[in-house]
Amino acid sequence: MSADAEIPESRRGAVYDRGYRPYEGPRGRRGAATGALYRASIRRALGLRRAWRQKVAPFVLLGVVTVPAIVNVGIGYITRDQPIDRIEIITYREYVGVSSALLLFVALVAPDVMCPDRRQRVLPLMFARPLTGTDYVVAKVGSITTILFAFSFLPQVVLFIGNMLVSDSALDYFTGHLDVLWQVPVAVLLLAVYYAVIGCAISSLTDRRIVAGAAVIGLFLVTSISSGVIVGESDSFDGNDGSLGALINVLALPLHLRDVVFLGHVDPYSQLGGVDNGGLLAAATYIVVLCLGLGVLWRRYRWVER
């Protein structure tokens, strides 16, 4: 009788010769790694594949910024047969300003996208080749910019399509508002990139999400209040009372560029109204703020590559 026959079946061992097999799938380079991080960041920001509580804030904010469009279209539908001029409670230019309400979204999402990687000490692993510091920043800022752009642009689409449907002639409305088709995307993109860079830059300075979120809101509030004190009350503007102090208002800075996109100049009734070359000064300040934010991000993540 063999030795194996004396061992009960339940006590016999099994050897599986699995071995190691080389990876034979597609091999991506820096672009593939950056794209994967970009998509993962979007999923995290929107709470996809996470608990339902993580999905509440993004989509509630999307609903809030869409309400003015729905109300405007509803009023247009109700009054479409009335012998009065069509009532419009909000314009496309003003609606871009409503998108600044997404500041709360930036304060919630940017820290959640940036801080855990540093807090959990996974950056050295993520920065293994082919991903670099620049790729990391592009993926993170790009993900938040994409979401902000989508959340700001979709309500504009609702407003435009709704206005077409409740107008006397959808074709006439479309051809009469062709300029909106490029003005809205450009203005919204300026706002989305601006908020995304600032939110990510501040969040990169700490590994605590609550601190980063408070710092984002604090920056916008402090500069807005300081600018208001320097410039004065906005209800006293008559088109010539603007001041260079408006340029320190980090919150309203992209809105001056919005006015340039829609009007061709700064709104004369804004805090920057009446200032010589106000549009150029706003654009230059906008670029400086973006460069400072990108510089902070580059400095914070450049060393990990070494």
# chains A, B, ... in the order shown; residues from 1 in each chain; ligands from 1
call {"tool": "residues_around", "arguments": {"residues": "stretch 89-103 of chain A", "least_positions_apart": "5", "cutoff": "7 Å", "atoms": "only C-alpha atoms", "output": "ChimeraX atom specification"}}
result
/A:65,72,152,188,255,262
call {"tool": "write_last_selection", "arguments": {"atoms": "N, CA and C atoms", "output": "compact mmCIF listing (two decimals), in the first residue's frame"}}
result
# COMPACT_ATOMS: atom_id res chain seq x y z
N VAL A 65 -28.45 75.64 -8.71
CA VAL A 65 -28.07 76.59 -9.76
C VAL A 65 -28.94 76.44 -11.01
N ASN A 72 -37.29 80.96 -14.92
CA ASN A 72 -37.35 81.89 -16.05
C ASN A 72 -38.16 81.29 -17.20
N SER A 152 -21.99 74.49 -14.45
CA SER A 152 -22.32 75.86 -14.81
C SER A 152 -22.94 75.95 -16.20
N VAL A 188 -17.98 80.70 -18.89
CA VAL A 188 -18.05 79.61 -17.90
C VAL A 188 -16.70 78.94 -17.75
N LEU A 255 -15.78 87.52 -12.86
CA LEU A 255 -17.03 88.12 -13.33
C LEU A 255 -16.76 89.38 -14.15
N PHE A 262 -19.19 89.30 -22.68
CA PHE A 262 -20.56 89.56 -23.12
C PHE A 262 -20.75 90.99 -23.63
call {"tool": "select_by_dssp", "arguments": {"residues": "stretch 60-274 of chain A", "states": "helix (DSSP H, G or I)", "output": "NGL selection string"}}
result
:A and (60-78 or 92-119 or 123-126 or 133-166 or 170-176 or 180-203 or 209-231 or 234-236 or 244-248 or 253-263)
call {"tool": "residues_around", "arguments": {"residues": "A:Val56", "least_positions_apart": "4", "cutoff": "12 Å", "atoms": "only C-alpha atoms", "output": "PyMOL selection string"}}
result
chain A and resi 45-48+50-52+60-63+105+108
call {"tool": "residues_around", "arguments": {"residues": "A:Arg44", "least_positions_apart": "2", "cutoff": "12 Å", "atoms": "only C-alpha atoms", "output": "list in words"}}
result
Leu37, Tyr38, Arg39, Ala40, Ser41, Ile42, Leu46, Gly47, Leu48, Arg49, Arg50, Ala51, Gln54, Lys55, Pro58, Leu108, Val109, Ala110, Pro111, Asp112, Val113, Met114, Pro116, Lys140, Ser143, Ile144 and Ile147 of chain A
call {"tool": "atom_distance", "arguments": {"atom1": "atom CA of A:Leu280", "atom2": "atom CA of A:Val231"}}
result
18.7 Å
call {"tool": "closest_residue", "arguments": {"among": "A:Ile248, A:Leu190, A:Ile210, A:Ile202", "to": "A:Ser226", "atoms": "only C-alpha atoms"}}
result
A:Ile248
call {"tool": "atom_distance", "arguments": {"atom1": "atom CA of A:Asn277", "atom2": "atom CA of A:Leu191"}}
result
20.7 Å
call {"tool": "residues_around", "arguments": {"residues": "A:Ala36", "least_positions_apart": "5", "cutoff": "12 Å", "atoms": "only C-alpha atoms", "output": "VMD selection string"}}
result
chain A and resid 28 to 31 41 to 43 126 131 135 to 136 138 to 140 143
call {"tool": "closest_residue", "arguments": {"among": "A:Gly279, A:Gly199, A:Gly295, A:Pro254", "to": "A:Ala187", "atoms": "only C-alpha atoms"}}
result
A:Pro254
call {"tool": "atom_distance", "arguments": {"atom1": "atom CA of A:Gln183", "atom2": "atom CA of A:Val67"}}
result
21.2 Å
call {"tool": "closest_residue", "arguments": {"among": "A:His265, A:Val106, A:Ile287, A:Val229", "to": "A:Arg209", "atoms": "only C-alpha atoms"}}
result
A:Val106
call {"tool": "closest_residue", "arguments": {"among": "A:Thr146, A:Thr79, A:Thr66, A:Thr132", "to": "A:Val158", "atoms": "only C-alpha atoms"}}
result
A:Thr66
call {"tool": "residues_around", "arguments": {"residues": "A:Leu221", "least_positions_apart": "4", "cutoff": "8 Å", "atoms": "only C-alpha atoms", "output": "PyMOL selection string"}}
result
chain A and resi 217+225+251
call {"tool": "residues_around", "arguments": {"residues": "A:Gly162", "least_positions_apart": "2", "cutoff": "10 Å", "atoms": "only C-alpha atoms", "output": "ChimeraX atom specification"}}
result
/A:69-70,72-74,76-77,156-160,164-167,170
call {"tool": "write_last_selection", "arguments": {"atoms": "C-alpha atoms", "output": "mmCIF file, in the first residue's frame"}}
result
data_model
loop_
_atom_site.group_PDB
_atom_site.id
_atom_site.type_symbol
_atom_site.label_atom_id
_atom_site.label_comp_id
_atom_site.auth_asym_id
_atom_site.auth_seq_id
_atom_site.Cartn_x
_atom_site.Cartn_y
_atom_site.Cartn_z
ATOM 1 C CA ALA A 69 -33.390 78.699 -15.450
ATOM 2 C CA ILE A 70 -36.484 76.645 -14.675
ATOM 3 C CA ASN A 72 -37.346 81.885 -16.052
ATOM 4 C CA VAL A 73 -38.645 79.359 -18.573
ATOM 5 C CA GLY A 74 -41.782 78.778 -16.500
ATOM 6 C CA GLY A 76 -41.970 82.728 -20.144
ATOM 7 C CA TYR A 77 -44.381 79.828 -20.730
ATOM 8 C CA GLN A 156 -27.409 77.599 -19.364
ATOM 9 C CA VAL A 157 -28.433 74.891 -21.815
ATOM 10 C CA VAL A 158 -31.717 74.462 -19.946
ATOM 11 C CA LEU A 159 -32.291 78.218 -20.116
ATOM 12 C CA PHE A 160 -31.455 78.465 -23.827
ATOM 13 C CA MET A 164 -36.473 78.670 -27.583
ATOM 14 C CA LEU A 165 -39.449 76.446 -26.839
ATOM 15 C CA VAL A 166 -41.547 79.186 -25.221
ATOM 16 C CA SER A 167 -40.685 81.871 -27.787
ATOM 17 C CA ALA A 170 -37.722 78.757 -32.005
#
call {"tool": "closest_residue", "arguments": {"among": "A:Gly176, A:Leu272, A:Gln120, A:Trp298", "to": "A:Ser227", "atoms": "only C-alpha atoms"}}
result
A:Leu272
